[in-house]
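Down below is the structure, laid out as structure tokens.
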Amino acid sequence: MKRAKCIEAIYPELQDKLVVTIMGACAQELYDLGHCENFFYLQHAMGLASSIGLGLALNLPQEKVVVLDGDGSVLMNLGTLTTIARYNPPNLVHIIFDNGSLLSTGGFASHTTSGITDLAAIARGAGVQNVAAVSTPMDFIAAAADAFENDGYSVIVAKVEATGPDHFGMDLKLPENAFRFERYIKERKQMRTKLHN
Amino acid sequence: MTVSRDNSLAVYQGIKDAGIRFITALPETWLVYLLQLAEDDPDMTLIEVAKEEEAIGIAAGAHFAGQPNLLLMQNHGFLAAINGIVSLAMLYRVPLCMLIAHRGHMGEPYPWHTQGGIVTEPVLRALNIPFDYARDHQTVARQIKEAYTYSLSSLSPVALMLSRDLMED
Ligand SMILES: Cc1ncc(C[n+]2csc(CCOP(=O)(O)OP(=O)(O)O)c2C)c(N)n1
């Protein structure tokens with residue numbers, strides 16, 4: 001299973017959600033499908049995509065937040081799973097693409113390559129109630145649909161091949177991405193209040 | 001050493017007066033009353049992290065969500081959070097208001113705090129993070145408000161160091 005194909009399969013579903021991705025290959029694969037104002041690409045700080053997702057989810061209970069994470073990034077901030085499990089935001093979907101590789105930085109094997117380390121088991125051990133481990137596109141799509149549909153912090157560990165795009169680059173400066181993402185959220189909030197009144 | 005209950009209350013009142021309703025923190029002795037106050041306050045959300053670097057991500061998410069927020073940690077937690085501060089907050093121009101218990105400086109009896117105490121200010125300077133020391137319960141509320149305001153206007157991390165004079169009786 002390829003991550004790019006997984007992201008493509010859920011891309012239509014991402015339109016009405018807030019999406020935070022990790023750096024490099026994953027960010028590029030999402031961007032190449034077409035940038036949307038509700039996408040935030042965390043291009044460097046490894047491990048913190050999930051923490052940003054938690055900060056968003058806790059403060060925007062009416063939004064669904066989706067984090068597209070990687071094995072290397074999660075391994076750098078394993079504590080995040082325990083923190084998110086503790087506060088258990090019902091509107092956070094945490095997809096970890098486990099390619100067993102530090103792909104965006106030369107493809108070195110990560111600790112999950114060996115098969116000894118099992119991220120889904122770690123998530124369960126951290127106290128996450130909804131954990132799915134998938135390795136086929138059908139299972140991935142079903143797990144994602146389930147997580148998008150239902151309330152509850154869910155972690156989906158998707159085993160994918162260690163392949164990525166053959167090019168990197170975005171027509172989007174990093175602070176510009178942050179400013180526009182913040183503005184998009186603000187405008188959505190304003191729209192919701194208007195609709196409500 | 002006893003932590004000052006009264007001055008902790010002054011700090012907490014300052015946090016509330018600044019309009020903050022969301023705190024991300026990692027516990028530390030000097031913060032004990034502050035965290036209790038936050039926990040008991042139905043108008044405040046307190047998120048405790050496993051490691052301070054997480055708090056930088058959570059604060060960024062809260063900022064994107066339009067939620068006035070700040071961080072509470074000790075200086076060793078600040079040191080543990082530096083890549084997040086640099087590669088998320090500074091890189092993306094996300095404001096951060098950090099209240100940092102400045103352990104390990106003048107008067108510190110515990111050896112384990114001292115190296116962190118010594119390097120904290122030089123590291124803040126190296127990172128170009130504006131900082132100030134809070135020493136007086138009468139001015140700390142204003143300093144918190146000013147630090148918060150400045151983080152928003154400068155789109156930068158700002159640190160207010162909670163000193164021994166303020167946090168201990
Ligand atoms: C603190 C830190 N150390 C090292 C790097 C270099 N680096 C960039 S991408 C990356 C690998 C990311 O791995 P993963 O999250 O699994 O995503 P993948 O690239 O495999 O899609 C590394 C180690 C970094 N960005 N930050």
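Scheme for the structure tokens: letters A, B, ... for chains in order shown; per-chain residue numbers from 1; ligand numbers from 1 in order shown.
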Surrounding residues as a ChimeraX atom specification, ligand 1, max 8 Å, only C-alpha atoms and all ligand atoms: /A:22-26,43-47,69-74,76,97-105,107,110,162,164 /B:83
Selection above as a file: C-alpha atoms, as a PDB file, in the first residue's frame:
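Listing of part13.pdb after writing:
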```
ATOM      1  CA  ILE A  22       4.247  16.117   8.993  1.00  0.00           C
ATOM      2  CA  MET A  23       7.067  17.309   6.797  1.00  0.00           C
ATOM      3  CA  GLY A  24       8.529  16.251   3.529  1.00  0.00           C
ATOM      4  CA  ALA A  25       7.047  13.420   1.540  1.00  0.00           C
ATOM      5  CA  CYS A  26       3.714  13.295   3.341  1.00  0.00           C
ATOM      6  CA  GLN A  43       7.713  21.185   7.645  1.00  0.00           C
ATOM      7  CA  HIS A  44      10.272  20.605  10.306  1.00  0.00           C
ATOM      8  CA  ALA A  45       9.474  20.165  13.985  1.00  0.00           C
ATOM      9  CA  MET A  46       9.337  16.376  14.210  1.00  0.00           C
ATOM     10  CA  GLY A  47       6.724  14.930  16.535  1.00  0.00           C
ATOM     11  CA  ASP A  69       1.780  11.546  10.960  1.00  0.00           C
ATOM     12  CA  GLY A  70       4.782   9.304  10.326  1.00  0.00           C
ATOM     13  CA  ASP A  71       6.520   6.563  12.299  1.00  0.00           C
ATOM     14  CA  GLY A  72       9.733   8.566  12.693  1.00  0.00           C
ATOM     15  CA  SER A  73       7.843  11.614  13.877  1.00  0.00           C
ATOM     16  CA  VAL A  74       5.722   9.663  16.356  1.00  0.00           C
ATOM     17  CA  MET A  76      10.277  11.319  18.459  1.00  0.00           C
ATOM     18  CA  PHE A  97       1.681   6.251   8.094  1.00  0.00           C
ATOM     19  CA  ASP A  98       4.211   3.655   9.130  1.00  0.00           C
ATOM     20  CA  ASN A  99       6.660   3.202   6.279  1.00  0.00           C
ATOM     21  CA  GLY A 100       9.385   1.878   8.595  1.00  0.00           C
ATOM     22  CA  SER A 101      11.564   4.610   7.264  1.00  0.00           C
ATOM     23  CA  LEU A 102      12.886   8.103   7.825  1.00  0.00           C
ATOM     24  CA  LEU A 103      11.976   8.587   4.204  1.00  0.00           C
ATOM     25  CA  SER A 104      12.196  12.338   3.872  1.00  0.00           C
ATOM     26  CA  THR A 105      15.742  12.359   5.120  1.00  0.00           C
ATOM     27  CA  GLY A 107      15.297   6.631   3.780  1.00  0.00           C
ATOM     28  CA  SER A 110      13.242   3.535  11.514  1.00  0.00           C
ATOM     29  CA  ALA A 162       8.682   3.507   1.879  1.00  0.00           C
ATOM     30  CA  GLY A 164       7.512   9.187  -1.781  1.00  0.00           C
TER      31      GLY A 164
ATOM     32  CA  ASN B  83      13.491  22.598  18.788  1.00  0.00           C
TER      33      ASN B  83
END
```
All alpha helix (DSSP H) residues (DSSP, backbone) inside range 40-159 of chain B, as a CSV table (one decimal) with C-alpha atoms, in the first residue's frame:
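The new file selection02.csv reads:
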```csv
chain,number,residue,atom,x,y,z
B,40,ASP,CA,-10.0,24.1,40.3
B,52,GLU,CA,7.4,20.4,27.5
B,53,GLU,CA,8.1,20.3,23.7
B,54,GLU,CA,4.6,18.9,23.3
B,55,ALA,CA,3.3,22.1,24.9
B,56,ILE,CA,4.7,24.2,22.0
B,57,GLY,CA,2.6,22.2,19.5
B,58,ILE,CA,-0.5,22.4,21.7
B,59,ALA,CA,0.0,26.1,22.1
B,60,ALA,CA,0.3,26.6,18.4
B,61,GLY,CA,-2.9,24.6,17.8
B,62,ALA,CA,-4.7,26.7,20.4
B,63,HIS,CA,-3.4,29.9,18.7
B,64,PHE,CA,-4.6,28.7,15.3
B,75,ASN,CA,13.5,26.4,32.8
B,76,HIS,CA,14.7,22.8,32.3
B,77,GLY,CA,11.4,22.3,30.4
B,78,PHE,CA,12.1,25.3,28.3
B,79,LEU,CA,15.5,23.8,27.5
B,80,ALA,CA,13.8,20.5,26.5
B,82,ILE,CA,13.9,24.3,22.1
B,83,ASN,CA,13.5,22.6,18.8
B,84,GLY,CA,9.7,23.1,19.0
B,91,LEU,CA,9.8,29.3,11.8
B,92,TYR,CA,6.0,29.8,11.3
B,114,THR,CA,22.2,24.8,39.0
B,115,GLN,CA,23.4,24.1,35.5
B,116,GLY,CA,20.0,24.8,34.0
B,117,GLY,CA,19.8,27.9,36.1
B,118,ILE,CA,23.1,29.2,34.8
B,119,VAL,CA,22.4,28.7,31.1
B,120,THR,CA,18.8,29.7,30.8
B,121,GLU,CA,19.4,33.4,30.3
B,122,PRO,CA,22.2,33.0,27.8
B,123,VAL,CA,20.1,30.5,25.8
B,124,LEU,CA,17.2,33.0,25.8
B,125,ARG,CA,19.6,35.6,24.5
B,126,ALA,CA,21.0,33.3,21.9
B,140,VAL,CA,3.6,40.5,38.1
B,141,ALA,CA,0.0,40.8,36.7
B,142,ARG,CA,1.0,43.7,34.5
B,143,GLN,CA,4.1,41.9,33.4
B,144,ILE,CA,2.1,38.8,32.3
B,145,LYS,CA,-0.3,41.0,30.4
B,146,GLU,CA,2.6,42.8,28.7
B,147,ALA,CA,4.4,39.5,27.9
B,148,TYR,CA,1.2,38.1,26.3
B,149,THR,CA,0.5,41.3,24.4
B,150,TYR,CA,4.1,41.4,23.1
B,151,SER,CA,4.0,37.8,22.0
B,152,LEU,CA,0.9,38.5,19.8
B,153,SER,CA,2.3,41.8,18.3
B,154,SER,CA,5.8,40.4,17.7
```
Residues of chain A within 6 Å of chain B, only C-alpha atoms counted, as a ChimeraX atom specification: /A:44-45,48,51-52,55-56,79,83,174-175,182
CA of Glu187 in chain A to CA of Ala4 in chain A, distance in Å rounded to a single decimal: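 We find that CA of Glu187 in chain A and CA of Ala4 in chain A lie 29.7 Å from each other.
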Every residue of range 2-163 of chain B that DSSP places in strand (DSSP E or B), as a PyMOL selection string: chain B and resi 3+22-25+45-48+69-74+96-101+131-134+157-162
Close residues, range 177-180 of chain A itself excluded, 7 Å, only C-alpha atoms, min 5 positions apart in chain, as a VMD selection string: (chain A and resid 37 40 172) or (chain B and resid 92)
Distance criterion (only C-alpha atoms): nearest to Leu58 in chain A out of A:Ala144, A:Pro137, A:Val131, A:Tyr153: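 Smallest distance to Leu58 in chain A is found for A:Tyr153.
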Å distance separating CA of Leu119 in chain A from CA of Val134 in chain A, one decimal place: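 So the answer is 11.6 Å.
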Residue neighbourhood Tyr133 in chain B, 12 Å, only C-alpha atoms, exclusion window fewer than 5 positions, as a VMD selection string: chain B and resid 98 to 102 121 139 to 140 143 to 144 147 158 to 167
Using C-alpha atoms, can you export the residues from the last selection as a PDB file, in the first residue's frame?
```pdb
ATOM      1  CA  MET B  98       5.914  31.288  28.323  1.00  0.00           C
ATOM      2  CA  LEU B  99       5.919  31.670  32.095  1.00  0.00           C
ATOM      3  CA  ILE B 100       9.080  29.939  33.208  1.00  0.00           C
ATOM      4  CA  ALA B 101      10.010  29.063  36.780  1.00  0.00           C
ATOM      5  CA  HIS B 102      13.648  30.100  36.942  1.00  0.00           C
ATOM      6  CA  GLU B 121      19.370  33.437  30.272  1.00  0.00           C
ATOM      7  CA  THR B 139       3.778  44.081  39.283  1.00  0.00           C
ATOM      8  CA  VAL B 140       3.588  40.484  38.066  1.00  0.00           C
ATOM      9  CA  GLN B 143       4.114  41.852  33.365  1.00  0.00           C
ATOM     10  CA  ILE B 144       2.057  38.822  32.331  1.00  0.00           C
ATOM     11  CA  ALA B 147       4.371  39.512  27.851  1.00  0.00           C
ATOM     12  CA  VAL B 158       8.247  35.738  24.831  1.00  0.00           C
ATOM     13  CA  ALA B 159       9.405  34.543  28.264  1.00  0.00           C
ATOM     14  CA  LEU B 160       8.522  35.833  31.684  1.00  0.00           C
ATOM     15  CA  MET B 161      10.827  34.306  34.274  1.00  0.00           C
ATOM     16  CA  LEU B 162       9.211  33.613  37.619  1.00  0.00           C
ATOM     17  CA  SER B 163      12.005  34.288  40.084  1.00  0.00           C
ATOM     18  CA  ARG B 164      12.790  32.983  43.557  1.00  0.00           C
ATOM     19  CA  ASP B 165      11.819  36.332  45.120  1.00  0.00           C
ATOM     20  CA  LEU B 166       8.328  35.904  43.734  1.00  0.00           C
ATOM     21  CA  MET B 167       7.731  32.178  44.072  1.00  0.00           C
TER      22      MET B 167
END
```
Residue nearest Gly104 in chain B among B:Gln74, B:Asp6, B:Ala18, B:Asp169 (counting only C-alpha atoms): B:Gln74
Atomic separation - CA of Ile141 in chain A relative to CA of Ile10 in chain A, Å: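 Going from CA of Ile10 in chain A over to CA of Ile141 in chain A covers 7.2 Å.
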Surrounding residues of Asp139 in chain A excluding itself and chain neighbours under 5 positions, 12 Å, only C-alpha atoms, as an MDAnalysis selection string: chainID A and resid 1 6 9 132:134 144:146 156:159
